[in-house]
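**Q** As input, take model.cif (mmCIF, C-alpha atoms and all ligand atoms):
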data_model
loop_
_atom_site.label_atom_id
_atom_site.label_comp_id
_atom_site.auth_asym_id
_atom_site.auth_seq_id
_atom_site.Cartn_x
_atom_site.Cartn_y
_atom_site.Cartn_z
CA MET Q 1 -86.14 -6.57 -65.05
CA LYS Q 2 -86.12 -9.33 -62.42
CA PRO Q 3 -89.20 -10.46 -60.54
CA LEU Q 4 -89.43 -8.95 -57.10
CA ASN Q 5 -89.26 -10.62 -53.77
CA LEU Q 6 -90.63 -7.48 -52.17
CA LEU Q 7 -89.93 -7.95 -48.52
CA GLU Q 8 -86.48 -9.26 -49.24
CA TYR Q 9 -85.69 -6.14 -51.23
CA ILE Q 10 -87.05 -3.47 -48.94
CA TYR Q 11 -85.52 -5.03 -45.87
CA ALA Q 12 -82.24 -5.85 -47.63
CA LEU Q 13 -79.36 -4.12 -45.95
CA GLU Q 14 -77.44 -3.82 -49.18
CA ASP Q 15 -78.94 -1.45 -51.71
CA ASN Q 16 -77.43 -3.38 -54.59
CA ARG Q 17 -79.98 -6.15 -53.90
CA PHE Q 18 -82.88 -3.71 -54.23
CA ASP Q 19 -81.27 -2.28 -57.35
CA LEU Q 20 -81.57 -5.69 -59.04
CA ILE Q 21 -85.14 -4.66 -59.93
CA TYR Q 22 -83.60 -2.30 -62.51
CA PRO Q 23 -81.86 -3.11 -65.79
CA PRO Q 24 -78.04 -3.16 -65.42
CA GLU Q 25 -77.51 0.26 -67.03
CA ILE Q 26 -79.78 1.88 -64.41
CA ARG Q 27 -78.24 0.22 -61.34
CA GLU Q 28 -75.23 2.51 -61.29
CA LEU Q 29 -77.50 5.54 -61.60
CA SER Q 30 -79.70 4.22 -58.79
CA GLU Q 31 -76.64 3.75 -56.61
CA ARG Q 32 -75.62 7.39 -57.12
CA HIS Q 33 -78.95 9.14 -57.41
CA GLY Q 34 -81.39 6.87 -55.53
CA THR Q 35 -82.22 7.07 -51.84
CA PRO Q 36 -80.71 4.17 -49.82
CA VAL Q 37 -83.44 1.72 -48.80
CA LYS Q 38 -83.10 2.25 -45.05
CA VAL Q 39 -83.15 6.04 -45.46
CA ALA Q 40 -86.27 5.76 -47.67
CA ARG Q 41 -88.04 3.62 -45.06
CA ARG Q 42 -87.24 6.05 -42.27
CA ALA Q 43 -88.30 9.09 -44.34
CA ALA Q 44 -91.55 7.41 -45.44
CA GLU Q 45 -92.45 6.50 -41.85
CA PHE Q 46 -92.10 10.16 -40.86
CA LEU Q 47 -94.10 11.45 -43.84
CA VAL Q 48 -97.03 9.04 -43.49
CA ARG Q 49 -98.74 10.26 -40.34
CA GLU Q 50 -101.94 8.33 -41.01
CA PRO Q 51 -103.14 5.62 -43.42
CA GLY Q 52 -103.66 6.98 -46.91
CA ALA Q 53 -101.44 10.05 -46.44
CA ARG Q 54 -100.48 11.32 -49.92
CA VAL Q 55 -96.75 11.74 -50.42
CA LEU Q 56 -95.10 13.42 -53.43
CA ASP Q 57 -91.52 12.52 -54.34
CA ILE Q 58 -90.24 15.61 -56.15
CA GLY Q 59 -87.99 14.19 -58.89
CA CYS Q 60 -88.55 10.47 -58.38
CA GLY Q 61 -85.96 9.11 -60.84
CA PRO Q 62 -86.58 5.37 -61.40
CA GLY Q 63 -88.92 5.33 -58.38
CA LYS Q 64 -86.87 3.85 -55.56
CA PHE Q 65 -88.20 6.09 -52.79
CA CYS Q 66 -91.82 5.66 -53.95
CA ILE Q 67 -91.51 1.87 -54.16
CA VAL Q 68 -89.90 1.49 -50.73
CA GLY Q 69 -92.31 3.98 -49.14
CA ALA Q 70 -95.38 2.30 -50.66
CA LEU Q 71 -94.27 -1.13 -49.49
CA ALA Q 72 -93.17 -0.07 -46.04
CA THR Q 73 -96.12 2.17 -45.07
CA SER Q 74 -99.86 2.65 -45.65
CA GLY Q 75 -99.28 5.94 -47.51
CA LYS Q 76 -100.04 6.67 -51.16
CA PHE Q 77 -96.88 7.60 -53.04
CA THR Q 78 -96.71 9.69 -56.21
CA GLY Q 79 -93.45 10.41 -57.97
CA VAL Q 80 -93.02 13.17 -60.54
CA GLU Q 81 -90.10 12.79 -62.92
CA GLN Q 82 -89.14 14.97 -65.88
CA ARG Q 83 -87.00 12.35 -67.66
CA GLU Q 84 -89.27 10.05 -69.65
CA ARG Q 85 -86.81 7.14 -69.59
CA LEU Q 86 -86.71 7.21 -65.79
CA SER Q 87 -90.45 7.68 -65.30
CA ASP Q 88 -91.08 4.73 -67.66
CA LEU Q 89 -88.70 2.57 -65.62
CA ALA Q 90 -90.35 3.60 -62.38
CA ARG Q 91 -93.80 2.76 -63.77
CA ALA Q 92 -92.62 -0.58 -65.09
CA ALA Q 93 -91.14 -1.54 -61.70
CA ILE Q 94 -94.34 -0.53 -59.90
CA GLU Q 95 -96.54 -2.43 -62.37
CA GLN Q 96 -94.39 -5.53 -62.30
CA ALA Q 97 -94.41 -5.57 -58.52
CA ASN Q 98 -98.15 -4.83 -58.52
CA ILE Q 99 -97.88 -2.03 -55.95
CA PRO Q 100 -101.32 -0.38 -55.75
CA ASN Q 101 -100.31 2.61 -53.61
CA ALA Q 102 -97.60 4.04 -55.87
CA GLU Q 103 -97.91 5.96 -59.13
CA ILE Q 104 -95.65 7.97 -61.39
CA ILE Q 105 -96.29 11.19 -63.29
CA HIS Q 106 -94.03 11.99 -66.22
CA GLY Q 107 -93.66 15.76 -66.09
CA ASN Q 108 -92.07 18.75 -64.46
CA VAL Q 109 -92.70 19.56 -60.80
CA ALA Q 110 -93.45 23.13 -61.90
CA GLU Q 111 -96.75 21.76 -63.30
CA ILE Q 112 -97.78 19.97 -60.12
CA ASN Q 113 -100.49 21.19 -57.76
CA PHE Q 114 -99.20 20.58 -54.25
CA SER Q 115 -102.65 20.83 -52.70
CA ASN Q 116 -103.24 17.22 -53.80
CA PHE Q 117 -100.57 16.03 -51.33
CA ASP Q 118 -100.02 15.93 -47.58
CA ALA Q 119 -96.26 15.43 -47.47
CA PHE Q 120 -93.21 15.88 -49.68
CA TYR Q 121 -89.82 14.24 -50.21
CA LEU Q 122 -86.80 15.86 -51.87
CA PHE Q 123 -83.52 14.15 -52.62
CA ASN Q 124 -81.61 17.09 -53.95
CA PRO Q 125 -83.55 17.17 -57.22
CA PHE Q 126 -82.42 20.50 -58.68
CA GLU Q 127 -78.71 20.48 -57.81
CA GLU Q 128 -77.65 19.09 -61.19
CA ASN Q 129 -78.58 22.51 -62.61
CA LEU Q 130 -75.68 23.95 -60.63
CA GLU Q 131 -73.18 21.11 -60.27
CA THR Q 132 -72.10 19.47 -63.54
CA THR Q 133 -70.72 16.35 -61.79
CA LEU Q 134 -74.30 15.57 -60.70
CA LYS Q 135 -75.70 15.77 -64.25
CA ILE Q 136 -77.62 12.55 -65.03
CA ASP Q 137 -77.80 12.89 -68.84
CA ALA Q 138 -78.38 15.45 -71.59
CA SER Q 139 -82.09 14.73 -72.11
CA VAL Q 140 -83.34 17.83 -70.25
CA ASN Q 141 -82.31 21.48 -70.12
CA LEU Q 142 -80.21 22.47 -67.12
CA SER Q 143 -79.25 25.96 -65.97
CA GLY Q 144 -78.81 28.14 -62.93
CA GLU Q 145 -81.99 29.93 -63.94
CA LEU Q 146 -83.98 26.65 -63.90
CA TYR Q 147 -82.55 25.88 -60.47
CA GLU Q 148 -83.99 29.17 -59.23
CA THR Q 149 -87.33 28.62 -60.99
CA TYR Q 150 -87.86 25.11 -59.59
CA THR Q 151 -86.60 25.96 -56.10
CA GLU Q 152 -88.84 29.01 -55.93
CA HIS Q 153 -91.85 27.05 -57.19
CA VAL Q 154 -91.44 24.39 -54.50
CA ALA Q 155 -90.81 26.99 -51.79
CA ARG Q 156 -93.96 28.91 -52.76
CA GLN Q 157 -96.11 25.80 -52.87
CA LEU Q 158 -94.81 24.66 -49.48
CA ALA Q 159 -95.38 28.15 -48.08
CA ILE Q 160 -99.11 27.95 -48.82
CA ALA Q 161 -99.48 24.32 -47.69
CA PRO Q 162 -101.54 23.75 -44.53
CA LEU Q 163 -100.03 23.68 -41.06
CA GLY Q 164 -98.85 20.18 -40.20
CA THR Q 165 -97.46 19.53 -43.71
CA ARG Q 166 -94.38 17.34 -43.48
CA VAL Q 167 -91.26 17.42 -45.64
CA VAL Q 168 -88.12 15.30 -45.68
CA THR Q 169 -84.99 16.59 -47.41
CA TYR Q 170 -82.05 14.34 -48.16
CA CYS Q 171 -78.60 15.69 -49.05
CA GLY Q 172 -79.77 19.08 -50.26
CA SER Q 173 -79.24 22.68 -49.26
CA CYS Q 174 -82.92 22.86 -48.18
CA GLU Q 175 -83.43 26.12 -50.04
CA GLU Q 176 -86.81 24.72 -51.11
CA VAL Q 177 -88.09 24.70 -47.51
CA PRO Q 178 -89.59 28.10 -46.65
CA LEU Q 179 -90.03 29.88 -43.35
CA GLY Q 180 -92.67 28.38 -41.10
CA TYR Q 181 -91.22 24.86 -41.25
CA ASP Q 182 -89.42 23.59 -38.17
CA CYS Q 183 -86.66 21.06 -38.55
CA LEU Q 184 -87.70 18.53 -35.92
CA GLU Q 185 -84.74 16.25 -36.36
CA SER Q 186 -81.68 15.92 -38.54
CA SER Q 187 -78.74 13.65 -39.10
CA LEU Q 188 -75.68 15.36 -40.45
CA ASP Q 189 -74.07 12.06 -41.45
CA TYR Q 190 -77.11 10.97 -43.43
CA GLY Q 191 -77.89 14.48 -44.68
CA LEU Q 192 -81.50 13.87 -43.70
CA LYS Q 193 -83.79 16.54 -42.30
CA PHE Q 194 -87.34 16.07 -41.03
CA TRP Q 195 -89.53 19.17 -41.32
CA GLU Q 196 -93.03 20.11 -40.24
CA LYS Q 197 -94.97 23.28 -40.96
CA THR Q 198 -95.83 24.96 -37.68
CA LYS Q 199 -96.39 28.60 -38.68
CA ASN Q 200 -97.79 30.57 -41.57
CA HIS Q 201 -95.37 33.10 -43.06
CA PRO Q 202 -95.76 35.52 -45.94
CA VAL Q 203 -94.89 33.83 -49.23
CA GLY Q 204 -91.51 34.73 -50.75
CA VAL Q 205 -89.41 35.27 -47.60
CA SER Q 206 -86.21 33.28 -47.97
CA PRO Q 207 -85.06 30.99 -45.14
CA GLN Q 208 -81.81 32.98 -44.97
CA ASP Q 209 -83.87 35.89 -43.66
CA ALA Q 210 -85.33 33.76 -40.91
CA PRO Q 211 -84.81 34.82 -37.33
CA ALA Q 212 -82.15 32.62 -35.72
CA THR Q 213 -84.79 30.95 -33.59
CA ASN Q 214 -87.00 29.90 -36.51
CA ASN Q 215 -85.68 26.38 -36.90
CA LYS Q 216 -85.32 24.29 -33.80
CA TRP Q 217 -82.43 22.14 -34.96
CA GLN Q 218 -82.07 18.95 -33.05
CA SER Q 219 -79.26 16.97 -34.59
CA SER Q 220 -79.42 13.39 -33.47
CA SER Q 221 -76.14 11.78 -32.58
CA ASP Q 222 -75.23 9.37 -35.36
CA ALA Q 223 -75.71 6.43 -33.00
CA ALA Q 224 -79.18 7.60 -31.97
CA PHE Q 225 -80.15 8.12 -35.57
CA GLU Q 226 -78.75 4.77 -36.66
CA GLU Q 227 -80.99 3.09 -34.11
CA LYS Q 228 -84.07 4.58 -35.77
CA LEU Q 229 -83.11 3.46 -39.29
C1 LIG C 301 -81.33 12.60 -57.08
S1 LIG C 301 -82.62 12.00 -58.14
C2 LIG C 301 -83.74 11.46 -56.87
C3 LIG C 301 -84.41 10.12 -57.13
C4 LIG C 301 -85.49 9.71 -56.14
N1 LIG C 301 -86.18 10.84 -55.53
C5 LIG C 301 -84.98 8.83 -55.04
O1 LIG C 301 -84.83 9.34 -53.93
O2 LIG C 301 -84.71 7.65 -55.23
C6 LIG C 301 -83.36 13.55 -58.66
C7 LIG C 301 -84.33 13.40 -59.83
O3 LIG C 301 -85.08 14.62 -59.94
C8 LIG C 301 -85.43 14.78 -61.31
N2 LIG C 301 -85.80 16.19 -61.52
C9 LIG C 301 -84.99 17.27 -61.44
N3 LIG C 301 -85.67 18.41 -61.67
C10 LIG C 301 -86.96 18.05 -61.90
C11 LIG C 301 -88.14 18.77 -62.21
N4 LIG C 301 -88.13 20.11 -62.32
N5 LIG C 301 -89.30 18.09 -62.37
C12 LIG C 301 -89.32 16.74 -62.27
N6 LIG C 301 -88.22 15.98 -62.01
C13 LIG C 301 -87.05 16.63 -61.82
C14 LIG C 301 -84.18 14.36 -62.05
O4 LIG C 301 -84.45 14.03 -63.40
C15 LIG C 301 -83.71 13.14 -61.20
O5 LIG C 301 -84.19 11.95 -61.74
#
Do you think you could lay out the structure here as structure tokens?

**A**
Amino acid sequence: MKPLNLLEYIYALEDNRFDLIYPPEIRELSERHGTPVKVARRAAEFLVREPGARVLDIGCGPGKFCIVGALATSGKFTGVEQRERLSDLARAAIEQANIPNAEIIHGNVAEINFSNFDAFYLFNPFEENLETTLKIDASVNLSGELYETYTEHVARQLAIAPLGTRVVTYCGSCEEVPLGYDCLESSLDYGLKFWEKTKNHPVGVSPQDAPATNNKWQSSSDAAFEEKL
């Protein structure tokens, strides 16, 4: 792993420069499964509403979102990752860069208590259970049933989170985001959606059952969104 020139990496326009923090065999994975640096910065800025805000990256992989978020904001970033190899890499990168406001939990999100966090980030973590081309490796069990279990767990936890809770989803179907969350902004090109909880709804109602007016979609034009990145 190479020593970090932190600012150079998080403000690098090319992700392959950030990815130099990882061993060669992980760079390709980071390119495919890691959030681009500028998207991570933008998402982190939305999620950290005040200094010390606690952000959970659900399925943090080798930690790219947590590292960029911790360096770019005053939030405290925790990543949970079920693959030991990836959580070890994420921890090593954070330790080597001496980033005090980022930490990694090796485990399954189904074991995580969401009440310890103020905001949540999801880069399509459960999709590999459904889509074999997205499969990272064979080290964990994958199935349609697990997709349902994890998605339902996250949706239930978010449903009981306090009003004002913020969520960013990147590239996913957003099935994990329950009723009561408004999509404040989205970019179709970037597949990014910025959510905030504005209403309490009974737990277990799927977003598909939402009244048409539930989510106030405001898709930014690509140019307008690009300006904010
Ligand atoms: C697309 S990667 C996202 C990486 C990271 N969030 C980022 O943006 O750079 C999704 C990760 O979620 C992890 N994951 C999937 N299901 C999980 C679960 N139930 N608990 C913990 N991690 C999980 C996968 O192992 C994979 O590393």

**Q** Select all residues near (-86.4, 25.7, -56.8) (cut-off 10 Å, inclusive, file coordinates), counting all atoms listed in the file, and output them as a ChimeraX atom specification.

**A** /Q:109-110,125-127,145-156,174-177

**Q** For those residues, write C-alpha atoms to a file as an mmCIF file, in the frame of the given file.

**A**
data_model
loop_
_atom_site.group_PDB
_atom_site.id
_atom_site.type_symbol
_atom_site.label_atom_id
_atom_site.label_comp_id
_atom_site.auth_asym_id
_atom_site.auth_seq_id
_atom_site.Cartn_x
_atom_site.Cartn_y
_atom_site.Cartn_z
ATOM 1 C CA VAL Q 109 -92.700 19.560 -60.800
ATOM 2 C CA ALA Q 110 -93.450 23.130 -61.900
ATOM 3 C CA PRO Q 125 -83.550 17.170 -57.220
ATOM 4 C CA PHE Q 126 -82.420 20.500 -58.680
ATOM 5 C CA GLU Q 127 -78.710 20.480 -57.810
ATOM 6 C CA GLU Q 145 -81.990 29.930 -63.940
ATOM 7 C CA LEU Q 146 -83.980 26.650 -63.900
ATOM 8 C CA TYR Q 147 -82.550 25.880 -60.470
ATOM 9 C CA GLU Q 148 -83.990 29.170 -59.230
ATOM 10 C CA THR Q 149 -87.330 28.620 -60.990
ATOM 11 C CA TYR Q 150 -87.860 25.110 -59.590
ATOM 12 C CA THR Q 151 -86.600 25.960 -56.100
ATOM 13 C CA GLU Q 152 -88.840 29.010 -55.930
ATOM 14 C CA HIS Q 153 -91.850 27.050 -57.190
ATOM 15 C CA VAL Q 154 -91.440 24.390 -54.500
ATOM 16 C CA ALA Q 155 -90.810 26.990 -51.790
ATOM 17 C CA ARG Q 156 -93.960 28.910 -52.760
ATOM 18 C CA CYS Q 174 -82.920 22.860 -48.180
ATOM 19 C CA GLU Q 175 -83.430 26.120 -50.040
ATOM 20 C CA GLU Q 176 -86.810 24.720 -51.110
ATOM 21 C CA VAL Q 177 -88.090 24.700 -47.510
#

**Q** Got a sec to check which residues lie within 8 Å of ligand LIG 301 (chain C), using only C-alpha atoms and all ligand atoms, and send them as an NGL selection string?

**A** :Q and (30 or 32-36 or 40 or 57-66 or 79-83 or 86 or 106-110 or 121-128 or 136 or 140 or 146 or 150)

**Q** Restricting the calculation to all atoms listed in the file, which member of Q:Ser173, Q:Asn101, Q:Asn200, Q:Asn16 is positioned closest to Ala72 in chain Q?

**A** Q:Asn101

**Q** Kindly indicate which residue among Q:Val68, Q:Ile105, Q:Ile160, Q:Ala90 lies nearest to Val39 in chain Q, using all atoms listed in the file for the distances.

**A**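 For Val39 in chain Q, the nearest of the candidates is Q:Val68.
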
**Q** So how many Å separate CA of Ile67 in chain Q and CA of Leu158 in chain Q, to one decimal?

**A**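 Those two atoms sit 23.5 Å apart.
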
**Q** Between CA of Asp182 in chain Q and CA of Glu45 in chain Q, what is the distance in Å, rounded to a tenth?

**A** 17.7 Å

**Q** Rank Q:Pro100, Q:Gly75, Q:Gly191, Q:Gly69 by their smallest atom-to-atom distance to Pro51 in chain Q, using only C-alpha atoms, and report the top residue only.

**A** Q:Gly75

**Q** For CA of Glu50 in chain Q and CA of Pro202 in chain Q, quote the distance in Å rounded to one decimal.

**A**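 Separating CA of Glu50 in chain Q from CA of Pro202 in chain Q is a distance of 28.3 Å.
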
**Q** I'd like to know which of Q:Leu130, Q:Val37, Q:Leu179, Q:Ala70 is closest to Ala53 in chain Q, using all atoms listed in the file.

**A** Q:Ala70

**Q** Have a look at Q:Ala138, Q:Ala93, Q:Ala102, Q:Ala43 and name the one nearest to Phe194 in chain Q; count all atoms listed in the file.

**A**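 Comparing Q:Ala138, Q:Ala93, Q:Ala102, Q:Ala43 against Phe194 in chain Q, the winner is Q:Ala43.
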
**Q** Rank nothing, just name the residue among Q:Ala119, Q:Ala92, Q:Leu192, Q:Leu142 nearest to Val48 in chain Q, using all atoms listed in the file.

**A**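 Nearest to Val48 in chain Q: Q:Ala119.
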
**Q** Would you mind completing range 63-89 of chain Q to N, CA and C atoms and writing the output as a tab-separated table (two decimals), in the coordinates of the input?

**A**
chain	number	residue	atom	x	y	z
Q	63	GLY	N	-87.82	5.66	-59.29
Q	63	GLY	CA	-88.92	5.33	-58.38
Q	63	GLY	C	-88.56	4.65	-57.08
Q	64	LYS	N	-87.27	4.65	-56.74
Q	64	LYS	CA	-86.87	3.85	-55.56
Q	64	LYS	C	-87.56	4.30	-54.28
Q	65	PHE	N	-87.57	5.61	-54.03
Q	65	PHE	CA	-88.20	6.09	-52.79
Q	65	PHE	C	-89.69	5.73	-52.78
Q	66	CYS	N	-90.37	5.95	-53.90
Q	66	CYS	CA	-91.82	5.66	-53.95
Q	66	CYS	C	-92.08	4.18	-53.71
Q	67	ILE	N	-91.28	3.32	-54.30
Q	67	ILE	CA	-91.51	1.87	-54.16
Q	67	ILE	C	-91.29	1.45	-52.71
Q	68	VAL	N	-90.18	1.88	-52.13
Q	68	VAL	CA	-89.90	1.49	-50.73
Q	68	VAL	C	-90.97	2.06	-49.81
Q	69	GLY	N	-91.31	3.34	-50.01
Q	69	GLY	CA	-92.31	3.98	-49.14
Q	69	GLY	C	-93.66	3.28	-49.23
Q	70	ALA	N	-94.07	2.94	-50.47
Q	70	ALA	CA	-95.38	2.30	-50.66
Q	70	ALA	C	-95.41	0.92	-50.03
Q	71	LEU	N	-94.29	0.22	-50.07
Q	71	LEU	CA	-94.27	-1.13	-49.49
Q	71	LEU	C	-94.14	-1.10	-47.97
Q	72	ALA	N	-93.47	-0.08	-47.47
Q	72	ALA	CA	-93.17	-0.07	-46.04
Q	72	ALA	C	-94.22	0.64	-45.19
Q	73	THR	N	-95.14	1.40	-45.83
Q	73	THR	CA	-96.12	2.17	-45.07
Q	73	THR	C	-97.51	2.03	-45.71
Q	74	SER	N	-98.50	2.67	-45.08
Q	74	SER	CA	-99.86	2.65	-45.65
Q	74	SER	C	-100.15	3.96	-46.40
Q	75	GLY	N	-99.10	4.69	-46.75
Q	75	GLY	CA	-99.28	5.94	-47.51
Q	75	GLY	C	-99.50	5.68	-48.99
Q	76	LYS	N	-99.89	6.76	-49.71
Q	76	LYS	CA	-100.04	6.67	-51.16
Q	76	LYS	C	-98.94	7.53	-51.77
Q	77	PHE	N	-98.08	6.92	-52.55
Q	77	PHE	CA	-96.88	7.60	-53.04
Q	77	PHE	C	-97.00	7.95	-54.52
Q	78	THR	N	-96.73	9.23	-54.83
Q	78	THR	CA	-96.71	9.69	-56.21
Q	78	THR	C	-95.33	10.26	-56.48
Q	79	GLY	N	-94.73	9.83	-57.58
Q	79	GLY	CA	-93.45	10.41	-57.97
Q	79	GLY	C	-93.65	11.23	-59.22
Q	80	VAL	N	-93.01	12.40	-59.28
Q	80	VAL	CA	-93.02	13.17	-60.54
Q	80	VAL	C	-91.58	13.19	-61.05
Q	81	GLU	N	-91.44	12.88	-62.33
Q	81	GLU	CA	-90.10	12.79	-62.92
Q	81	GLU	C	-90.12	13.38	-64.33
Q	82	GLN	N	-89.16	14.29	-64.58
Q	82	GLN	CA	-89.14	14.97	-65.88
Q	82	GLN	C	-88.50	14.13	-66.98
Q	83	ARG	N	-87.65	13.17	-66.62
Q	83	ARG	CA	-87.00	12.35	-67.66
Q	83	ARG	C	-87.89	11.14	-67.98
Q	84	GLU	N	-88.31	11.08	-69.25
Q	84	GLU	CA	-89.27	10.05	-69.65
Q	84	GLU	C	-88.71	8.64	-69.42
Q	85	ARG	N	-87.43	8.46	-69.74
Q	85	ARG	CA	-86.81	7.14	-69.59
Q	85	ARG	C	-86.91	6.67	-68.13
Q	86	LEU	N	-86.67	7.59	-67.19
Q	86	LEU	CA	-86.71	7.21	-65.79
Q	86	LEU	C	-88.14	7.00	-65.29
Q	87	SER	N	-89.06	7.87	-65.75
Q	87	SER	CA	-90.45	7.68	-65.30
Q	87	SER	C	-91.02	6.38	-65.87
Q	88	ASP	N	-90.63	6.01	-67.10
Q	88	ASP	CA	-91.08	4.73	-67.66
Q	88	ASP	C	-90.55	3.56	-66.83
Q	89	LEU	N	-89.29	3.65	-66.43
Q	89	LEU	CA	-88.70	2.57	-65.62
Q	89	LEU	C	-89.40	2.45	-64.27
